[in-house]
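Read through the structure below, which is laid out as C-alpha cells, and then see the notes.
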Amino acid sequence: MRTTLLGFMFALLAACTTVEGTGRGQLNLFSPDQEAELGREAYEDELKGSKILPETDPKTIRVQAIGRRVEAAAKIRSPTMAQRMEWTWTVVDDPKSINAWMVPGGRGAVDTGMVDFVKSDDELAIVMGHEASHALARHGTERVSHGILLGVGVEVTGAATGSEAVGEGVSAAVELGLTLPHSREQESEADDLGLLIAAQAGYDPTQAIDLWRRMEARGEGTFEFLSTHPSEATRIERLQRLMPQALEVYQRAKLDAALPVSTSGEPRSQSHSDH
Ligand SMILES: [Zn+2]
C-alpha cells in the first residue's frame, strides 16, 4: 500500500506540466500519445450521424485555408504541442448550430452555422484559434485528470504510473471528462492563447470584441464556451488588456507577410518567434 501511494505521489509530480504559450501549471495524467488516441475516438463519436461537407465545398475550402494559417501560427507560439497535432478541420452541414470544436490531438470541426455567423475571416480565425487552443493546452485530458483525482476513476494508480492499460473506471472518467464543458479558467486561457494565435496568423485581433459580444447576445448554449465562460464584462476586459500585445503580434505578422502577401492561405514566415 505504502509503495503504491509513494509511486502515485511520484506519478503526480511527473504529471505536473506547464501549458506552452501561457506558462500555467497543469496536472495531466495522460501522455500526448494517449490523448491523441482518445481524441480520435471522441472525434468519430462526435461526427456520427453528421452531414460533412465535401472537401470541394467553398465553406470547407475557406475553413481549411484559415486552418492552415492558424496551424502555422500555433507552431510558432506553442511549437511542442502544435507539432504533435494532426490539424484537420471538417465542416459539418448544420446551419442552426453556431459552434466549433477541436478534440485533443488536433481534429477540429466547424458547423456551417458558425461559418454563416462570422462577419469575416478574422472572426472565424479567432474562433478556430480558440478551439485549437483547447487542444494545444490539453484542456480535455486535464479535465479528465481532475475527474480521476477527485475519485471518479478507481484505477488511478494504473493510469498515473503510466501503465498502458487505461482501466475501465478511467475510461468512464475519460468519456465523461471529454463531454463536459470546459472550466472558466480553461475558457479564458483558450481566449487568450487563441487571440494571440489568430494575430500571429495575420488576422485582426480587435474583431474579437464584437465577435464575443454578438455571440453573447445569441444566448447560452449557442457555442461551446458560453456554458461556463466568464461574464461578458470580465471577458471583454481581459481581452482588452491583452489587445496591445495581440496588436503587436499582428502588426509584426503583417510586416513579415508584406513581401509576398499571402492570398492563398499558405503558412507565412516562421523564421522568428516573439517573447
Ligand atoms: Zn472554449
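A note on labels: chains of the C-alpha cells are A, B, ... as shown, every chain counts residues from 1, and ligands are counted from 1 in their shown order.
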Could you list, as a list in words, every residue within 6 Å of region 36-50 of chain A, counting only C-alpha atoms and ignoring same-chain residues fewer than 4 positions away?
Val103, Pro104 and Gly105 of chain A
Residues of region 22-80 of chain A that approach region 196-199 of chain A to 7 Å or less, counting only C-alpha atoms: could you list each one with the shortest pair of atoms and its distance in Å to one decimal, rows by chain and increasing residue number, as JSON lines?
```
{"residue": "A:Val70", "atom": "CA", "partner": "A:Ala198", "partner_atom": "CA", "distance": 6.3}
{"residue": "A:Ala73", "atom": "CA", "partner": "A:Ile197", "partner_atom": "CA", "distance": 5.6}
{"residue": "A:Ala74", "atom": "CA", "partner": "A:Ile197", "partner_atom": "CA", "distance": 5.8}
{"residue": "A:Arg77", "atom": "CA", "partner": "A:Ile197", "partner_atom": "CA", "distance": 6.9}
```
Using only C-alpha atoms, which of A:Gly21, A:Pro58, A:Gly67, A:Gly202 sits nearest Ala109 (chain A)?
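Smallest distance to Ala109 (chain A) is found for A:Gly67.
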Choose the residue, out of A:His139, A:His130, A:His146, A:Arg241, that has the smallest atom-to-atom separation from ligand 1; count only C-alpha atoms and all ligand atoms.
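Residue with the minimum atom-to-atom distance to ligand 1: A:His130.
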If you measure from CA of Ala15 (chain A) to atom 1 (Zn, counted along the ligand's line) of ligand 1, what distance in Å do you get, rounded to one decimal?
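Separation of CA of Ala15 (chain A) and atom 1 (Zn, counted along the ligand's line) of ligand 1: 23.2 Å.
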Which polymer residues have any atom within 9 Å of an atom of region 90-93 of chain A, counting only C-alpha atoms, with same-chain residues fewer than 5 positions away left out, as a PyMOL selection string?
chain A and resi 47+50-55+59-60+63-64+107-113+115
Residue nearest ligand 1 among A:Leu180, A:Ala190, A:Ala72, A:Ile61 (counting only C-alpha atoms and all ligand atoms)
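Of the candidates, the smallest distance to ligand 1 is held by A:Ala190.
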Name the residues of region 20-180 of chain A that come out as helix (DSSP H, G or I) in a backbone DSSP run; write them as a ChimeraX atom specification.
/A:32-47,58-77,79-84,112-117,121-136,139-149,156-160,168-179
